[in-house]
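This is run10.tsv (TSV, C-alpha atoms and all ligand atoms).
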chain	number	residue	atom	x	y	z
A	873	MET	CA	-12.02	32.35	-9.79
A	874	PRO	CA	-14.24	33.82	-7.09
A	875	PHE	CA	-17.98	33.34	-7.52
A	876	ASP	CA	-19.40	36.44	-9.26
A	877	PRO	CA	-23.22	36.46	-9.06
A	878	VAL	CA	-23.54	39.29	-11.61
A	879	GLU	CA	-21.39	37.51	-14.20
A	880	LYS	CA	-23.28	34.26	-13.52
A	881	THR	CA	-26.61	36.01	-14.10
A	882	ARG	CA	-25.31	37.71	-17.27
A	883	ALA	CA	-24.26	34.31	-18.58
A	884	PHE	CA	-27.74	32.92	-17.89
A	885	LEU	CA	-29.38	35.91	-19.62
A	886	ALA	CA	-27.08	35.44	-22.61
A	887	THR	CA	-28.74	32.08	-23.30
A	888	ILE	CA	-32.13	33.82	-23.65
A	889	THR	CA	-33.28	34.85	-27.15
A	890	LEU	CA	-36.51	36.44	-28.36
A	891	ASN	CA	-37.82	32.91	-29.00
A	892	SER	CA	-37.14	31.75	-25.44
A	893	ARG	CA	-40.06	30.94	-23.17
A	894	VAL	CA	-39.27	31.92	-19.59
A	895	ALA	CA	-41.15	30.71	-16.50
A	896	LEU	CA	-40.90	32.16	-13.01
A	897	LEU	CA	-41.39	30.01	-9.90
A	898	HIS	CA	-41.49	31.92	-6.64
A	899	ASP	CA	-42.28	31.54	-2.98
A	900	ASP	CA	-45.73	32.58	-1.79
A	901	ASP	CA	-44.59	35.30	0.61
A	902	PRO	CA	-43.58	38.98	0.26
A	903	ASP	CA	-39.90	38.18	-0.39
A	904	GLY	CA	-40.93	35.65	-3.04
A	905	VAL	CA	-43.30	38.10	-4.73
A	906	CYS	CA	-40.91	41.09	-4.60
A	907	SER	CA	-37.90	39.14	-5.86
A	908	GLY	CA	-40.07	37.64	-8.61
A	909	VAL	CA	-41.17	41.10	-9.74
A	910	LEU	CA	-37.54	42.28	-9.74
A	911	VAL	CA	-36.27	39.43	-11.94
A	912	THR	CA	-39.23	39.88	-14.30
A	913	ARG	CA	-38.26	43.52	-14.70
A	914	LEU	CA	-34.61	42.50	-15.23
A	915	LEU	CA	-35.77	40.14	-17.99
A	916	GLN	CA	-37.79	42.90	-19.66
A	917	ARG	CA	-35.06	45.50	-19.47
A	918	ALA	CA	-32.13	43.25	-20.35
A	919	LYS	CA	-33.81	41.05	-22.96
A	920	HIS	CA	-37.03	42.87	-23.96
A	921	LEU	CA	-38.92	39.72	-23.07
A	922	ASP	CA	-41.93	39.02	-20.86
A	923	LEU	CA	-42.55	35.93	-18.79
A	924	THR	CA	-44.42	33.11	-20.52
A	925	HIS	CA	-45.58	31.66	-17.22
A	926	ARG	CA	-45.54	32.41	-13.50
A	927	GLN	CA	-46.51	30.30	-10.55
A	928	THR	CA	-45.71	29.66	-6.92
A	929	ALA	CA	-44.15	26.38	-5.87
A	930	PRO	CA	-43.67	26.75	-2.13
A	931	HIS	CA	-42.98	23.12	-1.35
A	932	ASP	CA	-41.30	21.46	-4.28
A	933	PRO	CA	-40.14	23.65	-7.17
A	934	PHE	CA	-39.20	20.72	-9.41
A	935	SER	CA	-41.85	18.10	-8.68
A	936	SER	CA	-42.39	15.89	-11.72
A	937	ARG	CA	-45.90	17.28	-12.11
A	938	LEU	CA	-44.60	20.82	-12.17
A	939	VAL	CA	-41.75	19.99	-14.57
A	940	ASN	CA	-44.23	18.27	-16.91
A	941	GLY	CA	-46.44	21.35	-16.83
A	942	LEU	CA	-43.49	23.53	-17.82
A	943	ILE	CA	-42.53	21.14	-20.63
A	944	THR	CA	-46.14	21.25	-21.94
A	945	ARG	CA	-45.90	25.04	-22.03
A	946	GLY	CA	-42.71	24.86	-24.08
A	947	ILE	CA	-40.66	26.53	-21.36
A	948	THR	CA	-36.95	26.90	-22.19
A	949	HIS	CA	-35.78	28.86	-19.12
A	950	VAL	CA	-36.87	28.70	-15.50
A	951	ILE	CA	-36.10	31.38	-12.91
A	952	VAL	CA	-36.70	30.29	-9.31
A	953	CYS	CA	-36.95	32.91	-6.56
A	954	ASP	CA	-36.74	32.42	-2.81
A	955	LEU	CA	-37.18	28.65	-3.00
A	956	SER	CA	-34.59	26.00	-2.23
A	957	ILE	CA	-33.94	23.92	-5.35
A	958	ASP	CA	-30.79	22.27	-4.05
A	959	LYS	CA	-32.29	19.68	-1.71
A	960	SER	CA	-31.91	17.04	-4.39
A	961	PRO	CA	-29.12	17.39	-6.98
A	962	THR	CA	-30.69	14.49	-8.92
A	963	VAL	CA	-33.97	16.37	-9.34
A	964	VAL	CA	-32.09	19.46	-10.54
A	965	LYS	CA	-30.10	17.34	-13.03
A	966	GLN	CA	-33.37	15.99	-14.45
A	967	ALA	CA	-34.95	19.44	-14.67
A	968	GLU	CA	-31.92	21.07	-16.31
A	969	HIS	CA	-32.18	18.48	-19.04
A	970	HIS	CA	-35.31	20.41	-20.13
A	971	PHE	CA	-34.53	24.03	-19.16
A	972	HIS	CA	-31.82	26.50	-18.35
A	973	ILE	CA	-32.26	27.29	-14.65
A	974	LEU	CA	-31.47	30.41	-12.63
A	975	SER	CA	-32.15	30.18	-8.90
A	976	LEU	CA	-31.87	33.13	-6.51
A	977	ASP	CA	-32.30	32.19	-2.88
A	978	HIS	CA	-31.02	32.74	0.66
A	979	HIS	CA	-32.14	29.54	2.38
A	980	GLN	CA	-29.57	27.08	3.63
A	981	LEU	CA	-27.09	25.87	0.98
A	982	LEU	CA	-27.45	22.11	0.77
A	983	HIS	CA	-25.74	21.24	-2.52
A	984	ASP	CA	-23.89	23.44	-4.95
A	985	VAL	CA	-25.82	22.41	-8.05
A	986	ASN	CA	-24.16	24.95	-10.36
A	987	SER	CA	-23.52	23.47	-13.82
A	988	GLU	CA	-23.54	24.37	-17.53
A	989	ARG	CA	-27.34	24.58	-17.41
A	990	THR	CA	-28.03	25.59	-13.80
A	991	THR	CA	-27.05	28.83	-12.09
A	992	LEU	CA	-27.55	28.70	-8.33
A	993	ILE	CA	-26.98	32.02	-6.59
A	994	LYS	CA	-27.00	32.07	-2.79
A	995	PRO	CA	-25.17	34.52	-0.51
A	996	HIS	CA	-23.37	31.50	0.97
A	997	LEU	CA	-21.37	31.25	-2.27
A	998	PHE	CA	-19.97	34.79	-2.41
A	999	TRP	CA	-21.02	37.04	0.49
A	1000	ASN	CA	-18.86	37.51	3.56
A	1001	GLY	CA	-21.70	38.68	5.80
A	1002	LYS	CA	-22.28	36.83	9.04
A	1003	ASP	CA	-25.66	35.25	8.31
A	1004	PRO	CA	-26.54	34.40	4.68
A	1005	ALA	CA	-30.24	34.31	5.63
A	1006	LYS	CA	-30.00	38.08	6.19
A	1007	TYR	CA	-29.35	38.70	2.49
A	1008	CYS	CA	-32.90	38.13	1.35
A	1009	THR	CA	-33.83	37.13	-2.18
A	1010	SER	CA	-35.38	40.51	-3.07
A	1011	LYS	CA	-32.17	42.33	-2.15
A	1012	LEU	CA	-30.14	39.72	-4.00
A	1013	ALA	CA	-32.33	40.16	-7.11
A	1014	TYR	CA	-32.09	43.93	-6.83
A	1015	ASP	CA	-28.33	44.12	-6.31
A	1016	ILE	CA	-27.59	41.73	-9.16
A	1017	GLY	CA	-30.27	43.10	-11.50
A	1018	ASN	CA	-29.32	46.71	-10.87
A	1019	ALA	CA	-25.72	45.91	-11.83
A	1020	ILE	CA	-26.97	44.73	-15.24
A	1021	VAL	CA	-29.80	47.18	-16.00
A	1022	ASP	CA	-31.20	50.21	-14.16
A	1023	LEU	CA	-33.65	48.95	-11.52
A	1024	SER	CA	-33.33	51.97	-9.24
A	1025	ASP	CA	-37.07	52.71	-9.61
A	1026	SER	CA	-37.74	49.33	-7.94
A	1027	GLU	CA	-35.43	49.60	-4.94
A	1028	TRP	CA	-38.44	49.73	-2.58
A	1029	LEU	CA	-39.14	46.10	-3.46
A	1030	ALA	CA	-35.76	45.06	-2.06
A	1031	MET	CA	-36.55	46.93	1.16
A	1032	THR	CA	-40.01	45.36	1.38
A	1033	GLY	CA	-38.54	41.86	1.07
A	1034	SER	CA	-35.78	42.61	3.59
A	1035	ILE	CA	-38.21	43.88	6.22
A	1036	SER	CA	-40.59	41.01	5.58
A	1037	ASP	CA	-37.82	38.43	6.10
A	1038	ILE	CA	-36.45	40.24	9.21
A	1039	ALA	CA	-33.23	40.58	7.24
A	1040	THR	CA	-32.25	44.23	7.72
A	1041	GLU	CA	-29.52	44.02	10.38
A	1042	PRO	CA	-26.51	43.93	8.03
A	1043	TRP	CA	-27.82	46.77	5.87
A	1044	THR	CA	-28.20	49.85	8.11
A	1045	ASP	CA	-26.43	52.26	5.70
A	1046	TRP	CA	-28.48	51.03	2.76
A	1047	MET	CA	-31.67	51.34	4.81
A	1048	ARG	CA	-30.93	54.95	5.62
A	1049	THR	CA	-30.40	55.69	1.90
A	1050	VAL	CA	-33.62	54.00	0.82
A	1051	PHE	CA	-35.79	55.54	3.55
A	1052	THR	CA	-34.43	58.96	2.59
A	1053	LYS	CA	-34.96	58.31	-1.12
A	1054	TYR	CA	-38.64	57.52	-0.58
A	1055	HIS	CA	-39.19	60.16	2.14
A	1056	ALA	CA	-40.26	57.32	4.44
A	1057	GLU	CA	-40.18	57.66	8.21
A	1058	MET	CA	-37.92	55.17	10.02
A	1059	LYS	CA	-39.57	53.44	12.99
A	1060	VAL	CA	-38.40	50.92	15.59
A	1061	ASP	CA	-41.09	48.53	14.37
A	1062	LEU	CA	-40.14	48.28	10.70
A	1063	PHE	CA	-43.52	46.73	9.89
A	1064	GLN	CA	-45.07	50.11	10.72
A	1065	THR	CA	-43.00	51.86	8.03
A	1066	LEU	CA	-44.03	52.49	4.41
A	1067	PHE	CA	-42.19	49.39	3.17
A	1068	GLY	CA	-43.27	47.25	6.12
A	1069	LYS	CA	-46.89	48.07	5.35
A	1070	VAL	CA	-46.40	46.90	1.77
A	1071	ALA	CA	-45.02	43.61	3.13
A	1072	ILE	CA	-48.03	43.22	5.43
A	1073	THR	CA	-50.44	43.98	2.59
A	1074	ILE	CA	-48.90	41.28	0.39
A	1075	ASN	CA	-48.81	38.87	3.31
A	1076	ASP	CA	-52.44	39.52	4.26
A	1077	THR	CA	-53.61	39.05	0.68
A	1078	ILE	CA	-52.00	35.59	0.58
A	1079	ALA	CA	-53.30	34.81	4.08
A	1080	TYR	CA	-56.82	35.73	2.95
A	1081	ASP	CA	-56.61	33.19	0.13
A	1082	GLU	CA	-53.43	31.62	-1.18
A	1083	LYS	CA	-54.96	31.64	-4.67
A	1084	LEU	CA	-54.65	35.45	-4.61
A	1085	VAL	CA	-50.87	35.31	-4.86
A	1086	GLY	CA	-51.16	36.01	-8.61
A	1087	ASP	CA	-53.22	39.14	-7.90
A	1088	ALA	CA	-50.62	40.21	-5.36
A	1089	PHE	CA	-47.85	39.68	-7.91
A	1090	ASP	CA	-49.67	41.63	-10.64
A	1091	THR	CA	-50.48	44.50	-8.28
A	1092	VAL	CA	-46.89	44.79	-7.09
A	1093	PHE	CA	-45.65	44.48	-10.67
A	1094	LYS	CA	-47.89	47.34	-11.84
A	1095	ALA	CA	-47.15	49.56	-8.83
A	1096	LYS	CA	-44.71	52.39	-9.47
A	1097	THR	CA	-44.48	53.30	-5.78
A	1098	PRO	CA	-45.10	51.62	-2.42
A	1099	GLN	CA	-48.20	53.83	-2.03
A	1100	ASP	CA	-49.66	52.27	-5.20
A	1101	VAL	CA	-49.71	48.87	-3.41
A	1102	LEU	CA	-51.17	50.32	-0.21
A	1103	ASN	CA	-53.98	52.05	-2.16
A	1104	SER	CA	-54.66	49.08	-4.46
A	1105	PRO	CA	-57.62	46.66	-4.23
A	1106	LEU	CA	-55.36	44.45	-2.05
A	1107	LYS	CA	-56.30	46.80	0.77
A	1108	THR	CA	-59.66	44.97	1.09
A	1109	TYR	CA	-57.89	41.71	1.98
A	1110	HIS	CA	-55.51	43.52	4.30
A	1111	ASP	CA	-58.45	45.12	6.16
A	1112	ALA	CA	-60.30	41.79	6.42
A	1113	ILE	CA	-57.24	40.02	7.83
A	1114	GLN	CA	-56.50	42.82	10.29
A	1115	ALA	CA	-60.10	42.66	11.55
A	1116	GLU	CA	-59.77	38.88	12.01
A	1117	MET	CA	-56.44	39.37	13.82
A	1118	ASP	CA	-57.98	41.97	16.13
A	1119	LYS	CA	-60.86	39.62	16.89
A	1120	TRP	CA	-58.49	36.82	17.97
A	1121	ILE	CA	-56.18	39.14	19.92
A	1122	ASN	CA	-59.22	40.24	21.88
A	1123	GLU	CA	-60.31	36.63	22.31
A	1124	PHE	CA	-56.84	35.65	23.51
A	1125	ASN	CA	-56.66	38.41	26.08
A	1126	LYS	CA	-60.10	37.45	27.44
A	1127	HIS	CA	-60.28	33.68	27.11
A	1128	ALA	CA	-56.84	32.07	26.82
A	1129	GLU	CA	-56.35	29.18	29.24
A	1130	GLN	CA	-53.84	30.35	31.87
A	1131	LEU	CA	-51.35	27.93	33.40
A	1132	PRO	CA	-49.19	29.99	35.75
A	1133	ASP	CA	-47.08	27.02	36.94
A	1134	ALA	CA	-46.01	26.49	33.35
A	1135	LYS	CA	-45.92	30.25	32.62
A	1136	LEU	CA	-48.16	29.35	29.71
A	1137	LYS	CA	-51.21	30.78	27.98
A	1138	ILE	CA	-52.97	28.66	25.41
A	1139	LEU	CA	-55.96	29.15	23.08
A	1140	GLU	CA	-57.73	27.19	20.36
A	1141	ILE	CA	-58.46	29.33	17.32
A	1142	ASP	CA	-60.86	28.67	14.47
A	1143	THR	CA	-60.31	30.84	11.42
A	1144	PRO	CA	-60.48	30.27	7.66
A	1145	TYR	CA	-57.40	32.44	7.16
A	1146	GLY	CA	-53.71	31.54	7.39
A	1147	ILE	CA	-53.00	33.94	10.25
A	1148	ARG	CA	-51.84	31.69	13.11
A	1149	SER	CA	-48.17	32.50	12.79
A	1150	ALA	CA	-48.65	36.27	12.35
A	1151	LEU	CA	-51.18	36.29	15.16
A	1152	ILE	CA	-49.01	34.56	17.72
A	1153	SER	CA	-46.00	36.68	16.76
A	1154	GLN	CA	-48.02	39.83	17.34
A	1155	LEU	CA	-49.39	38.53	20.65
A	1156	SER	CA	-45.93	37.61	21.89
A	1157	PHE	CA	-44.30	40.87	20.81
A	1158	THR	CA	-46.94	43.30	21.99
A	1159	HIS	CA	-49.45	41.66	24.38
A	1160	ASP	CA	-47.52	39.19	26.51
A	1161	THR	CA	-43.75	39.24	26.26
A	1162	LYS	CA	-43.15	37.19	29.43
A	1163	ASN	CA	-45.04	33.90	29.07
A	1164	THR	CA	-45.03	31.05	26.60
A	1165	LEU	CA	-48.01	31.46	24.26
A	1166	ILE	CA	-49.60	28.67	22.24
A	1167	LEU	CA	-52.30	28.84	19.57
A	1168	TRP	CA	-53.72	25.59	18.26
A	1169	GLN	CA	-56.10	24.88	15.43
A	1170	ARG	CA	-58.02	21.86	14.16
A	1171	ASN	CA	-57.56	21.03	10.50
A	1172	GLY	CA	-59.66	17.97	9.66
A	1173	ASP	CA	-58.39	15.16	11.87
A	1174	ARG	CA	-55.15	17.06	12.50
A	1175	VAL	CA	-54.14	19.64	15.06
A	1176	GLU	CA	-51.59	22.33	14.18
A	1177	PHE	CA	-49.95	24.40	16.90
A	1178	SER	CA	-47.62	27.38	17.15
A	1179	SER	CA	-45.75	28.66	20.18
A	1180	ARG	CA	-43.75	31.73	21.07
A	1181	ASN	CA	-41.73	32.88	24.05
A	1182	GLN	CA	-39.83	36.09	23.42
A	1183	THR	CA	-37.82	35.94	26.66
A	1184	GLY	CA	-35.47	33.38	25.11
A	1185	ASP	CA	-35.47	31.52	28.47
A	1186	VAL	CA	-37.30	28.50	27.05
A	1187	PRO	CA	-35.97	26.37	24.16
A	1188	LEU	CA	-39.37	25.95	22.48
A	1189	ASN	CA	-37.90	23.96	19.58
A	1190	ASP	CA	-36.75	21.27	22.05
A	1191	VAL	CA	-40.03	21.39	23.98
A	1192	MET	CA	-42.11	20.92	20.80
A	1193	ARG	CA	-39.86	18.23	19.37
A	1194	GLU	CA	-40.01	16.25	22.63
A	1195	ALA	CA	-43.78	16.74	22.93
A	1196	VAL	CA	-44.41	14.80	19.70
A	1197	ALA	CA	-41.55	12.30	20.07
A	1198	GLY	CA	-42.65	8.70	19.54
A	1199	LEU	CA	-46.06	9.62	18.13
A	1200	LEU	CA	-47.00	8.81	14.55
A	1201	GLU	CA	-47.50	11.39	11.77
A	1202	THR	CA	-46.18	14.32	13.76
A	1203	ASP	CA	-43.72	17.10	13.38
A	1204	GLY	CA	-42.38	19.46	16.01
A	1205	GLY	CA	-39.53	21.96	16.20
A	1206	GLY	CA	-38.44	25.32	14.89
A	1207	HIS	CA	-36.44	28.00	16.66
A	1208	ARG	CA	-35.80	28.72	20.32
A	1209	LYS	CA	-38.31	31.59	20.55
A	1210	ALA	CA	-40.72	30.39	17.86
A	1211	ALA	CA	-41.66	26.77	17.34
A	1212	GLY	CA	-44.61	24.63	16.40
A	1213	GLY	CA	-45.81	21.37	15.04
A	1214	HIS	CA	-48.73	19.19	14.09
A	1215	CYS	CA	-50.18	15.86	15.18
A	1216	ASN	CA	-53.26	13.71	14.85
A	1217	ALA	CA	-56.17	15.31	16.71
A	1218	LYS	CA	-56.57	12.24	18.93
A	1219	ASP	CA	-52.97	12.70	20.16
A	1220	TRP	CA	-53.33	16.43	20.91
A	1221	PRO	CA	-54.40	16.02	24.57
A	1222	ASP	CA	-51.21	13.98	25.17
A	1223	VAL	CA	-49.03	16.41	23.28
A	1224	LYS	CA	-50.52	19.35	25.14
A	1225	GLN	CA	-49.97	17.65	28.51
A	1226	ARG	CA	-46.34	16.91	27.61
A	1227	ILE	CA	-45.81	20.56	26.72
A	1228	ILE	CA	-47.37	21.66	30.03
A	1229	ASN	CA	-45.25	19.15	31.98
A	1230	ALA	CA	-42.05	20.23	30.24
A	1231	LEU	CA	-42.72	23.93	30.83
A	1232	THR	CA	-43.74	23.33	34.46
A	1233	ALA	CA	-40.60	21.28	35.15
A	1234	ARG	CA	-38.47	24.15	33.85
A	1235	ASN	CA	-40.05	26.51	36.38
A	1236	LEU	CA	-39.56	24.30	39.45
A	1237	PRO	CA	-36.96	25.80	41.78
A	1238	HIS	CA	-33.64	24.01	41.44
A	1239	PRO	CA	-32.48	22.41	44.69
B	1301	MN	MN	-36.98	34.97	1.63
Would you mind writing the structure in this file as C-alpha cells?
Ligand SMILES: [Mn+2]
Amino acid sequence: MPFDPVEKTRAFLATITLNSRVALLHDDDPDGVCSGVLVTRLLQRAKHLDLTHRQTAPHDPFSSRLVNGLITRGITHVIVCDLSIDKSPTVVKQAEHHFHILSLDHHQLLHDVNSERTTLIKPHLFWNGKDPAKYCTSKLAYDIGNAIVDLSDSEWLAMTGSISDIATEPWTDWMRTVFTKYHAEMKVDLFQTLFGKVAITINDTIAYDEKLVGDAFDTVFKAKTPQDVLNSPLKTYHDAIQAEMDKWINEFNKHAEQLPDAKLKILEIDTPYGIRSALISQLSFTHDTKNTLILWQRNGDRVEFSSRNQTGDVPLNDVMREAVAGLLETDGGGHRKAAGGHCNAKDWPDVKQRIINALTARNLPHP
C-alpha cells in the first residue's frame, strides 16, 4: 500500500483520548514554530484537547534528559515538528516504549522508523516532488491537518514556513492562491511580503533571545491574521535586531578587511544576538554579490565563522572543510554558496590564512 500521510496521522490521532497528555517538540525557527502551531490546532479541532507541554529541542529531540522530563510530566503522546528524529532508530525505539510518537519533518530521511508506536512523516516517503526539502514542515502540517479538520484560517502559517525555509519553488500555483486570499502583494524578495515579514519577526525574536521562542509560539498561536503577529509585542525584538543588523552592515561596508587577490572581504563582529547567518546572507545578497564574504565571532575560547559567495564560482563548503582539516575540535562545511565552521580561537589565524590561500589560488590565472 502506498504511504498515505493523512491516514497515518488519523491513526495516530485515534490513539489519543481525553485523558491523553500530549507534548509538542519543535525546532526553534519560523518553520518549527508555524508547524507546531498548526499541529496544536489540529489536535484541538480533531480531539478537543490542548497540549500538556511544549518545548524546543533543536539538537536532540529524544535525549535521555528530555525523555525523562516527558515521563515525569506523564506524557503519553509526543508530536515532533521540523526536527530529525530518525538519526538513531535505537533512540526512537526507546522513546516509543514510553509514548506514541508523530514526527513531521522535511530534513533528510536517514531511517524509516515507522512502527506500531511511531509515525514518521517526511515528503521522501510519499511525495514525488524533486526536492523533499522544498516541502517544508509547516506546509506538510497544513496539508495533512486540513484534510482532517478545517485549518483554512491558518493557511498563512504554511506560507510563512515555506518562505522562511526558502521552500516555495514547487508551489507557485498555491502561492498565487494564498497571496490572493490574504490580499498580499507578491514581491521578488519574498521576505518583503506580508508572510515573509512574519517569518522575519519570529526569527528576530528568537535571535534576540532564544528563551523567547515560547513567547513567539504563543503570539503566533493567538494571532488570527499575519498582521496580528506584525503588530504584536514581538515587534520590539524585531526592531532591536534590525537596528543591530543595520549597525553591522554599516560597519562591514566601512571597515571590512579587503583582500582583492582572494576576492575576499572579512570582518570580526561582536554582538550578543544570533544574527551572524542572517547578517551575512543579507550582505551577500544586497551589498556585495561578487566577492566571498566572511564574518567571524569570538565565543569564549572559540571562533565561529560564516561565509557566503553568491556567484557560485567558489565551492565554499570545500574551502571551509579544508581550512580546518587536521585541527582539533573543529567543524567546517555547508553548501557551495553558504558555508561556515568553528575552531579554537588559537587556531583561527591559521584557519583564516588557509582560507585566504585557498581563495587566492583559485584566482590565479591558469597557465
Ligand atoms: Mn523546516
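The neighbours of A:Asn940 here are the residues that come within 12 Å of it, using all atoms listed in the file and leaving out any residue fewer than 5 positions away in the same chain; they are Pro933, Phe934, Ser935, Arg945, Gly946, Ile947, Gln966, Ala967, His970 and Phe971 of chain A.
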(message) Need to verify the contact set: A:Leu915, 12 Å, all atoms listed in the file, exclusion of same-chain residues closer than 5 positions in sequence. Can you return it as a ChimeraX atom specification?
(response) /A:881-882,884-890,892-896,908-910,920-924,949-951,974,1013,1017-1018,1020-1023
Residues within 9 Å of A:Thr1040, please, as a tab-separated table (two decimals) with C-alpha atoms, in the frame of the given file. Count all atoms listed in the file; anything in the same chain fewer than 6 positions from it doesn't count.
chain	number	residue	atom	x	y	z
A	1006	LYS	CA	-30.00	38.08	6.19
A	1007	TYR	CA	-29.35	38.70	2.49
A	1008	CYS	CA	-32.90	38.13	1.35
A	1031	MET	CA	-36.55	46.93	1.16
A	1034	SER	CA	-35.78	42.61	3.59
A	1047	MET	CA	-31.67	51.34	4.81
(request) With only C-alpha atoms and all ligand atoms counted, collect every polymer residue having an atom within 10 Å of ligand MN 1301 (chain B); state the result as a PyMOL selection string. (result) chain A and resi 898-907+953-955+976-979+1005-1011+1033-1034+1036-1039
(message) Report, in Å to a single decimal, how far apart atom CA of A:Ala1030 and atom CA of A:Ser975 are.
(response) 16.8 Å
(message) Just to confirm, what's the straight-line distance from atom CA of A:Asp1087 to atom CA of A:Ala1150 in Å (one decimal)?
(response)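 It comes out at 21.0 Å.
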